[in-house]
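Shown next: work14.csv, containing CSV, C-alpha atoms and all ligand atoms.
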```
chain,number,residue,atom,x,y,z
N,7,MET,CA,0.0,0.0,0.0
N,8,PRO,CA,1.5,3.4,-0.9
N,9,PRO,CA,2.7,5.5,2.1
N,10,GLU,CA,0.4,8.4,1.3
N,11,THR,CA,-2.7,6.1,1.5
N,12,ILE,CA,-1.5,4.7,4.8
N,13,ALA,CA,-1.0,8.2,6.2
N,14,ARG,CA,-4.4,9.2,5.0
N,15,TRP,CA,-6.1,6.2,6.6
N,16,ARG,CA,-4.6,7.1,9.9
N,17,ARG,CA,-6.0,10.6,9.7
N,18,LEU,CA,-9.4,9.6,8.5
N,19,ARG,CA,-12.3,8.6,10.7
N,20,VAL,CA,-14.1,5.4,9.9
N,21,SER,CA,-17.0,7.5,8.8
N,22,ALA,CA,-15.0,8.8,5.9
N,23,THR,CA,-14.5,5.3,4.8
N,24,PHE,CA,-18.2,4.7,4.4
N,25,ARG,CA,-18.5,7.9,2.4
N,26,ARG,CA,-15.7,6.8,0.2
N,27,LEU,CA,-17.3,3.4,-0.3
N,28,SER,CA,-20.5,5.1,-1.4
N,29,LEU,CA,-18.7,7.4,-3.7
N,30,ALA,CA,-16.8,4.6,-5.2
N,31,GLY,CA,-20.1,3.3,-6.5
N,32,ARG,CA,-20.3,0.0,-4.7
N,33,ARG,CA,-23.2,-2.2,-5.7
N,34,THR,CA,-26.5,-0.8,-4.8
N,35,ARG,CA,-27.8,-2.2,-1.5
N,36,GLU,CA,-31.2,-1.9,0.1
N,37,GLY,CA,-31.4,1.1,2.2
N,38,GLU,CA,-28.1,2.6,1.0
N,39,ASN,CA,-29.7,6.0,0.7
N,40,HIS,CA,-29.8,6.5,4.4
N,41,MET,CA,-26.1,6.0,4.9
N,42,ALA,CA,-25.2,9.4,3.6
N,43,ASN,CA,-27.8,10.9,5.9
N,44,VAL,CA,-26.4,9.0,8.9
N,45,ASP,CA,-22.9,10.2,8.2
N,46,THR,CA,-23.9,13.8,7.6
N,47,ALA,CA,-26.0,13.9,10.7
N,48,GLN,CA,-23.1,12.5,12.7
N,49,SER,CA,-20.8,15.2,11.6
N,50,LYS,CA,-23.3,18.0,11.6
N,51,ASP,CA,-24.4,17.6,15.2
N,52,GLY,CA,-21.0,16.6,16.4
N,53,ARG,CA,-21.9,13.2,17.7
N,54,SER,CA,-18.9,11.7,16.1
N,55,SER,CA,-16.5,14.3,17.4
N,56,HIS,CA,-16.0,12.8,20.8
N,57,THR,CA,-12.4,11.7,21.6
N,58,GLY,CA,-11.3,8.2,22.5
N,59,PRO,CA,-12.4,5.0,21.0
N,60,LYS,CA,-15.6,4.7,19.0
N,61,ILE,CA,-18.3,3.2,21.3
N,62,LEU,CA,-20.5,0.4,20.0
N,63,VAL,CA,-23.4,-1.3,21.7
N,64,ASP,CA,-22.9,-5.0,22.2
N,65,GLY,CA,-26.4,-6.2,21.9
N,66,GLY,CA,-29.4,-7.4,19.8
N,67,ASP,CA,-32.2,-5.1,20.8
N,68,PRO,CA,-32.9,-1.9,18.9
N,69,ALA,CA,-34.9,-0.4,21.8
N,70,GLU,CA,-31.8,-0.9,24.0
N,71,THR,CA,-29.6,0.8,21.4
N,72,MET,CA,-32.1,3.7,21.5
N,73,ARG,CA,-31.9,3.9,25.2
N,74,VAL,CA,-28.1,4.1,25.1
N,75,LYS,CA,-28.3,6.7,22.4
N,76,GLU,CA,-30.6,8.9,24.5
N,77,ALA,CA,-28.3,8.6,27.6
N,78,LEU,CA,-25.0,8.9,25.8
N,79,GLY,CA,-26.0,11.3,23.0
N,80,TYR,CA,-24.6,9.1,20.3
N,81,VAL,CA,-23.9,5.5,19.4
N,82,ASP,CA,-21.0,4.9,17.0
N,83,GLY,CA,-21.9,1.4,16.1
N,84,GLN,CA,-23.3,-2.0,17.1
N,85,THR,CA,-22.1,-5.5,17.3
N,86,THR,CA,-24.5,-8.5,17.2
N,87,ASN,CA,-24.0,-12.2,17.4
N,88,PRO,CA,-26.2,-15.3,17.6
N,89,SER,CA,-26.3,-15.3,21.4
N,90,LEU,CA,-27.4,-11.7,21.5
N,91,ILE,CA,-30.1,-12.3,18.8
N,92,ALA,CA,-31.4,-15.2,20.8
N,93,LYS,CA,-31.8,-12.7,23.7
N,94,ASN,CA,-33.7,-10.2,21.6
N,95,PRO,CA,-37.1,-9.6,23.5
N,96,GLU,CA,-39.2,-10.4,20.4
N,97,VAL,CA,-37.3,-13.5,19.5
N,98,LYS,CA,-37.3,-14.7,23.2
N,99,LYS,CA,-41.0,-14.1,23.5
N,100,ARG,CA,-41.7,-16.1,20.4
N,101,VAL,CA,-39.5,-19.0,21.5
N,102,GLU,CA,-40.9,-19.0,25.1
N,103,SER,CA,-44.5,-19.1,23.7
N,104,GLY,CA,-43.7,-22.3,21.9
N,105,ARG,CA,-43.4,-20.7,18.5
N,106,SER,CA,-39.7,-21.4,17.7
N,107,LEU,CA,-38.4,-20.2,14.4
N,108,THR,CA,-37.6,-21.9,11.1
N,109,GLU,CA,-34.1,-21.0,9.7
N,110,ALA,CA,-35.7,-18.6,7.3
N,111,GLU,CA,-37.7,-16.9,10.0
N,112,GLU,CA,-34.6,-16.6,12.2
N,113,SER,CA,-32.8,-15.0,9.3
N,114,ALA,CA,-35.7,-12.6,8.7
N,115,ALA,CA,-35.8,-11.7,12.4
N,116,TYR,CA,-32.0,-11.0,12.4
N,117,ARG,CA,-32.4,-8.9,9.3
N,118,LYS,CA,-35.3,-6.9,10.8
N,119,ILE,CA,-33.3,-6.3,14.0
N,120,VAL,CA,-30.2,-5.0,12.2
N,121,GLN,CA,-32.4,-2.9,9.9
N,122,GLU,CA,-33.9,-1.2,12.9
N,123,ILE,CA,-30.5,-0.6,14.5
N,124,SER,CA,-28.7,0.5,11.3
N,125,PRO,CA,-30.0,4.1,11.2
N,126,LEU,CA,-29.5,4.6,14.9
N,127,VAL,CA,-25.7,4.2,14.8
N,128,GLY,CA,-22.8,6.2,13.5
N,129,SER,CA,-19.8,5.5,11.4
N,130,ALA,CA,-18.6,2.3,13.0
N,131,GLY,CA,-21.5,0.3,11.4
N,132,VAL,CA,-23.4,-2.7,12.5
N,133,SER,CA,-21.6,-6.0,12.7
N,134,ILE,CA,-23.7,-9.0,11.6
N,135,GLU,CA,-22.4,-12.5,12.3
N,136,VAL,CA,-22.6,-15.4,9.9
N,137,PHE,CA,-23.9,-18.8,11.2
N,138,ALA,CA,-20.9,-21.1,11.5
N,139,ASP,CA,-20.3,-24.3,13.3
N,140,LEU,CA,-16.9,-26.1,13.3
N,141,ASP,CA,-17.6,-27.7,9.9
N,142,THR,CA,-18.9,-24.6,8.1
N,143,THR,CA,-16.7,-24.0,5.0
N,144,ALA,CA,-15.4,-20.6,3.8
N,145,ASP,CA,-17.8,-20.9,0.8
N,146,GLN,CA,-20.8,-21.3,3.0
N,147,MET,CA,-19.7,-18.4,5.3
N,148,LEU,CA,-19.0,-16.2,2.3
N,149,LYS,CA,-22.4,-16.9,0.8
N,150,GLN,CA,-24.1,-15.8,4.0
N,151,GLY,CA,-21.8,-12.8,4.3
N,152,GLN,CA,-22.7,-11.6,0.8
N,153,GLU,CA,-26.4,-11.9,1.6
N,154,MET,CA,-26.1,-10.2,5.0
N,155,PHE,CA,-24.0,-7.4,3.5
N,156,THR,CA,-27.1,-6.4,1.4
N,157,TRP,CA,-29.3,-6.1,4.5
N,158,ILE,CA,-28.1,-2.6,5.5
N,159,PRO,CA,-25.7,0.0,4.1
N,160,ASN,CA,-23.4,0.0,7.1
N,161,ALA,CA,-22.8,-3.7,7.6
N,162,TYR,CA,-19.7,-5.3,8.8
N,163,ILE,CA,-19.7,-9.1,8.3
N,164,LYS,CA,-18.4,-11.1,11.3
N,165,TYR,CA,-16.5,-14.2,10.6
N,166,PRO,CA,-14.7,-16.3,13.3
N,167,CYS,CA,-10.9,-16.3,13.6
N,168,THR,CA,-10.6,-19.8,12.1
N,169,ARG,CA,-9.0,-21.0,8.8
N,170,GLU,CA,-12.3,-21.1,7.1
N,171,GLY,CA,-13.3,-17.7,8.6
N,172,LEU,CA,-10.1,-16.1,7.4
N,173,LYS,CA,-10.5,-17.5,3.9
N,174,ALA,CA,-14.0,-16.1,3.8
N,175,ALA,CA,-12.7,-12.7,5.1
N,176,GLN,CA,-9.9,-12.6,2.5
N,177,ARG,CA,-12.4,-13.2,-0.3
N,178,SER,CA,-14.9,-10.8,1.2
N,179,VAL,CA,-12.5,-7.8,1.4
N,180,ALA,CA,-11.4,-8.6,-2.2
N,181,GLN,CA,-15.1,-8.1,-3.1
N,182,GLY,CA,-15.3,-4.7,-1.3
N,183,MET,CA,-17.1,-6.0,1.8
N,184,ARG,CA,-16.3,-4.8,5.3
N,185,VAL,CA,-15.4,-7.5,7.9
N,186,ASN,CA,-15.1,-7.8,11.6
N,187,MET,CA,-13.1,-10.9,12.7
N,188,THR,CA,-14.6,-12.2,15.9
N,189,LEU,CA,-13.6,-14.7,18.7
N,190,CYS,CA,-9.9,-13.5,18.7
N,191,PHE,CA,-7.9,-14.8,21.6
N,192,SER,CA,-4.3,-14.5,20.6
N,193,GLN,CA,-1.8,-12.2,19.0
N,194,GLU,CA,-1.3,-14.8,16.2
N,195,GLN,CA,-5.0,-14.7,15.3
N,196,ALA,CA,-4.8,-10.9,15.2
N,197,ALA,CA,-1.7,-11.1,12.9
N,198,ALA,CA,-3.6,-13.5,10.7
N,199,VAL,CA,-6.5,-11.1,10.4
N,200,TYR,CA,-4.1,-8.3,9.5
N,201,ALA,CA,-2.5,-10.5,6.8
N,202,ALA,CA,-5.7,-11.9,5.4
N,203,THR,CA,-7.4,-8.5,5.1
N,204,LYS,CA,-4.5,-6.7,3.4
N,205,GLY,CA,-5.8,-4.6,0.5
N,206,THR,CA,-9.2,-4.1,2.1
N,207,LYS,CA,-10.9,-0.9,1.0
N,208,ALA,CA,-12.4,-0.1,4.4
N,209,PRO,CA,-10.4,-0.9,7.6
N,210,SER,CA,-11.1,-4.4,8.9
N,211,TYR,CA,-11.9,-5.0,12.5
N,212,VAL,CA,-10.4,-7.6,14.8
N,213,SER,CA,-12.3,-8.3,18.0
N,214,PRO,CA,-10.3,-9.7,20.9
N,215,PHE,CA,-12.5,-11.1,23.6
N,216,VAL,CA,-11.2,-9.8,26.9
N,217,GLY,CA,-13.7,-11.2,29.4
N,218,ARG,CA,-13.5,-14.7,28.1
N,219,LEU,CA,-9.7,-14.7,28.6
N,220,ASP,CA,-10.3,-13.4,32.1
N,221,ASP,CA,-12.7,-16.3,32.7
N,222,ILE,CA,-9.9,-18.8,32.2
N,223,GLY,CA,-7.4,-16.9,34.4
N,224,TRP,CA,-5.5,-14.8,31.9
N,225,ASN,CA,-5.4,-11.0,32.0
N,226,GLY,CA,-7.4,-10.5,28.9
N,227,MET,CA,-6.6,-6.8,28.7
N,228,ASP,CA,-2.9,-7.7,28.0
N,229,LEU,CA,-4.0,-9.1,24.6
N,230,LEU,CA,-5.5,-5.7,23.6
N,231,ALA,CA,-2.2,-4.0,24.6
N,232,ASN,CA,-0.1,-6.6,22.8
N,233,ILE,CA,-2.1,-6.3,19.6
N,234,LYS,CA,-1.9,-2.5,19.8
N,235,ARG,CA,1.9,-2.8,20.1
N,236,MET,CA,2.1,-5.3,17.3
N,237,PHE,CA,0.0,-3.2,14.9
N,238,ALA,CA,2.1,-0.1,15.6
N,239,SER,CA,4.5,-1.5,12.9
N,240,GLY,CA,1.6,-2.1,10.5
N,241,ASP,CA,-0.1,0.0,8.0
N,242,GLY,CA,-3.3,0.7,10.0
N,243,HIS,CA,-5.7,-1.3,7.8
N,244,THR,CA,-6.9,-3.4,10.8
N,245,LEU,CA,-8.6,-1.7,13.7
N,246,ILE,CA,-8.8,-3.1,17.2
N,247,LEU,CA,-12.3,-3.5,18.6
N,248,GLY,CA,-12.2,-4.4,22.3
N,249,ALA,CA,-14.9,-7.0,22.9
N,250,SER,CA,-16.3,-9.2,25.7
N,251,ILE,CA,-16.2,-6.0,27.9
N,252,ARG,CA,-17.9,-6.7,31.2
N,253,SER,CA,-17.1,-3.8,33.6
N,254,LEU,CA,-16.2,-0.2,34.0
N,255,PRO,CA,-12.6,-1.0,34.7
N,256,HIS,CA,-12.5,-3.0,31.4
N,257,LEU,CA,-13.8,0.0,29.6
N,258,MET,CA,-11.4,2.4,31.3
N,259,ARG,CA,-8.5,0.2,30.5
N,260,CYS,CA,-9.6,0.1,26.8
N,261,PHE,CA,-9.5,3.9,26.9
N,262,GLN,CA,-6.1,3.8,28.5
N,263,ILE,CA,-4.7,1.4,25.9
N,264,GLY,CA,-6.1,3.4,23.1
N,265,VAL,CA,-8.0,0.8,21.2
N,266,ASP,CA,-9.8,2.0,18.1
N,267,LEU,CA,-13.2,0.9,19.0
N,268,VAL,CA,-14.9,-0.8,21.9
N,269,THR,CA,-18.1,-2.8,22.0
N,270,VAL,CA,-19.9,-2.7,25.3
N,271,PRO,CA,-23.1,-4.0,26.9
N,272,ALA,CA,-25.7,-1.3,27.4
N,273,LYS,CA,-25.6,-1.8,31.1
N,274,VAL,CA,-21.8,-0.9,31.3
N,275,ILE,CA,-22.2,2.1,29.0
N,276,LEU,CA,-25.1,3.4,31.1
N,277,GLU,CA,-23.0,2.9,34.2
N,278,TRP,CA,-20.2,4.9,32.6
N,279,VAL,CA,-22.5,7.7,31.7
N,280,GLU,CA,-24.0,7.6,35.2
N,281,ALA,CA,-20.5,7.9,36.7
N,282,GLY,CA,-19.9,11.1,34.7
N,283,ARG,CA,-18.0,9.5,31.8
N,284,PRO,CA,-14.7,9.2,33.6
N,285,MET,CA,-11.5,8.8,31.5
N,286,PRO,CA,-8.4,7.3,32.9
N,287,ASP,CA,-5.9,9.8,34.2
N,288,ALA,CA,-2.2,9.3,34.9
N,289,ASN,CA,-3.0,7.6,38.2
N,290,PHE,CA,-5.5,5.1,36.7
N,291,ARG,CA,-4.3,1.5,37.4
N,292,TYR,CA,-6.2,-1.4,36.0
N,293,GLU,CA,-6.2,-4.2,38.7
N,294,PHE,CA,-6.8,-7.8,37.7
N,295,ASN,CA,-5.2,-10.8,39.1
N,296,GLY,CA,-5.0,-12.9,35.9
N,297,LYS,CA,-1.9,-14.4,34.5
N,298,PRO,CA,0.0,-11.9,32.3
N,299,MET,CA,-0.1,-12.5,28.6
N,300,GLU,CA,3.5,-12.0,27.3
N,301,TYR,CA,4.1,-9.9,24.2
N,302,ARG,CA,5.4,-11.9,21.2
N,303,GLU,CA,7.5,-10.4,18.4
N,304,ILE,CA,5.6,-11.3,15.2
N,305,ASP,CA,6.3,-10.3,11.6
N,306,LEU,CA,3.1,-9.1,10.2
N,307,ASN,CA,4.3,-9.4,6.7
N,308,GLN,CA,3.7,-13.1,6.1
N,309,PRO,CA,0.8,-15.0,4.5
N,310,TRP,CA,-1.9,-15.5,7.1
N,311,GLN,CA,-1.6,-19.3,6.6
N,312,ASN,CA,1.8,-19.1,8.4
N,313,PHE,CA,0.2,-18.1,11.7
N,314,ASP,CA,-0.8,-20.6,14.4
N,315,ILE,CA,-4.4,-19.5,14.7
N,316,LYS,CA,-5.9,-22.4,16.7
N,317,HIS,CA,-7.4,-21.4,20.0
N,318,GLU,CA,-9.6,-23.5,22.3
N,319,LEU,CA,-11.7,-20.5,23.2
N,320,THR,CA,-12.5,-19.8,19.5
N,321,ASP,CA,-13.9,-23.3,19.1
N,322,LYS,CA,-15.7,-23.0,22.4
N,323,GLY,CA,-17.2,-19.7,21.4
N,324,ILE,CA,-18.4,-21.1,18.1
N,325,ARG,CA,-20.0,-24.0,19.9
N,326,LYS,CA,-21.8,-21.6,22.2
N,327,PHE,CA,-23.0,-19.4,19.3
N,328,VAL,CA,-24.4,-22.6,17.6
N,329,GLU,CA,-26.1,-23.7,20.7
N,330,ASP,CA,-27.8,-20.3,21.2
N,331,TYR,CA,-28.7,-20.0,17.6
N,332,ARG,CA,-30.3,-23.5,17.6
N,333,SER,CA,-32.2,-22.7,20.8
N,334,THR,CA,-34.3,-20.3,18.8
N,335,LEU,CA,-35.1,-22.9,16.1
N,336,ARG,CA,-38.0,-25.2,15.7
N,337,LYS,CA,-37.0,-28.8,16.2
N,338,ALA,CA,-37.3,-31.0,13.1
N,339,SER,CA,-40.2,-33.4,13.6
N,401,LIG,O1,-18.6,-8.7,22.0
N,401,LIG,C1,-18.6,-10.0,22.2
N,401,LIG,C2,-19.5,-10.3,23.3
N,401,LIG,O2,-20.8,-10.3,23.0
N,401,LIG,C3,-19.2,-11.5,24.1
N,401,LIG,O3,-19.3,-11.1,25.4
N,401,LIG,O4,-19.6,-11.4,27.8
N,401,LIG,O5,-20.3,-13.2,26.2
N,401,LIG,O6,-17.9,-12.8,26.6
N,401,LIG,P1,-19.3,-12.2,26.6
```

Show the structure stored in the file as structure tokens.
Ligand code: G3P
Amino acid sequence: MPPETIARWRRLRVSATFRRLSLAGRRTREGENHMANVDTAQSKDGRSSHTGPKILVDGGDPAETMRVKEALGYVDGQTTNPSLIAKNPEVKKRVESGRSLTEAEESAAYRKIVQEISPLVGSAGVSIEVFADLDTTADQMLKQGQEMFTWIPNAYIKYPCTREGLKAAQRSVAQGMRVNMTLCFSQEQAAAVYAATKGTKAPSYVSPFVGRLDDIGWNGMDLLANIKRMFASGDGHTLILGASIRSLPHLMRCFQIGVDLVTVPAKVILEWVEAGRPMPDANFRYEFNGKPMEYREIDLNQPWQNFDIKHELTDKGIRKFVEDYRSTLRKAS
């Protein structure tokens, strides 16, 4: 990538990327017309001008996103996943009343949810996750991703940090799609995302899952800091999206590390607003008794296939998403 492009990317906000994509005459998508309005509104009323990482709602309920927007004044973006969609009040009500969904109905419900959220959020877009179990191929993921990318004008397609997910991502960005690589638990996986999404037109996202590393005794925040350090020698085409954020100290540490974006449950965002939107000062110390995650020197300029991307938590996360997705489906008779 030419140096002037790299420098430009570093200066530009993600919002400018969307504008550029529209101007580049990407294929027409349903609802594309409102993207320009979202972007303009964001810059006109200053909602995107806050400092620090972009703040995304980690959830699957448009009403909740609206509540956060009212309290915070803006929402930069949203991330969704099969577990969060299964918790959507309408989906839950349907399942609990014994009217589980067919696969087509589940997909329609997901589409409706993200279409309601799409105009509420700013330049960081709405991440939509493909359905993938441990046997799903890159072709199958890509097919879903292509379809989901037409749902809303500001979609990011979420693929897992697996070999098949990375293959799908590489092919997606080659087709001009935006991607968010989820279930990242290691520096190697983040390096592979960087390598696989080289040449992407819009920045790709990598989502390291902090809380789930904490759950098994690591200091998950170290992974964010390590990826940030590793990417310092890169060209800036992959942004770090702190995910699996469970608490105010997590959020404060994300601010301190300087991640690009952070996706946060509504409850924690509202707690932060309630606390007066504190930012970490020089005295802020993040306290967590997990095992430290050591930084590893990694050469980013290798084919993604060279990296050891296997991680038990990625597989476990996929299994959990499958379970939650299936819990909404009608049992075959
Ligand atoms: O952003 C990812 C998130 O939804 C996972 O959070 O708390 O289930 O690890 P958690």

Practice problem: Using only C-alpha atoms and all ligand atoms, find each residue with an atom at most 8 Å away from ligand LIG 401 (chain N) and format the answer as a list of chain:residue names. | Solution: N:Asp64, N:Gly65, N:Thr85, N:Thr86, N:Asn87, N:Ser89, N:Leu90, N:Thr188, N:Leu189, N:Ser213, N:Phe215, N:Val216, N:Gly217, N:Arg218, N:Gly248, N:Ala249, N:Ser250, N:Ile251, N:Arg252, N:Thr269, N:Val270, N:Pro271

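CA of Lys234 (chain N) to CA of Thr320 (chain N) spans 20.3 Å [interatomic distance, one decimal].
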
Quiz item: In Å to one decimal, how far is CA of Trp310 (chain N) from CA of Val212 (chain N)?
Solution: 13.9 Å

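The residue that comes closest to Leu107 (chain N), out of N:His317, N:Ala180, N:Val328, N:Leu335 and on the basis of all atoms listed in the file, is N:Leu335.
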
Quiz item: Between N:Tyr301, N:Tyr211, N:Phe191, N:Phe155, which one has atoms that come closest to Ala130 (chain N), using all atoms listed in the file?
Solution: N:Tyr211

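Between Gly223 (chain N) and the residues N:Met285, N:His256, N:Val265, N:Phe294, the shortest atom-to-atom distance, using only C-alpha atoms, involves N:Phe294.
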
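When only C-alpha atoms are used to measure the gap to Gln146 (chain N), the shortest distance among N:Glu111, N:Glu300, N:Glu277, N:Glu170 belongs to N:Glu170.
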
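Atom pair CA of Ala196 (chain N) / CA of Asp145 (chain N): separated by 21.8 Å.
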
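Candidate residues N:Val63, N:Val97, N:Leu254, N:Cys190 were compared for distance to Lys322 (chain N), and the nearest is N:Cys190, using only C-alpha atoms.
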
Quiz item: Neighbours of region 116-126 of chain N within 9 Å (all atoms listed in the file; same-chain residues fewer than 3 positions away dropped), as a PyMOL selection string?
Solution: chain N and resi 37+40-41+43-44+66-69+71-72+75+80-84+86+88+91+94+111-113+131-134+154+157-161

Self-check item: Which of N:Pro286, N:Phe261, N:Val199, N:Arg235 sits closest to Gln308 (chain N) [using all atoms listed in the file]
Solution: N:Val199

Practice problem: Using all atoms listed in the file, find all polymer residues with an atom at most 9 Å away from the point (-19.9, -10.4, 8.8); report them as a ChimeraX atom specification. | Solution: /N:133-136,147-148,150-152,154-155,161-165,175,183-187
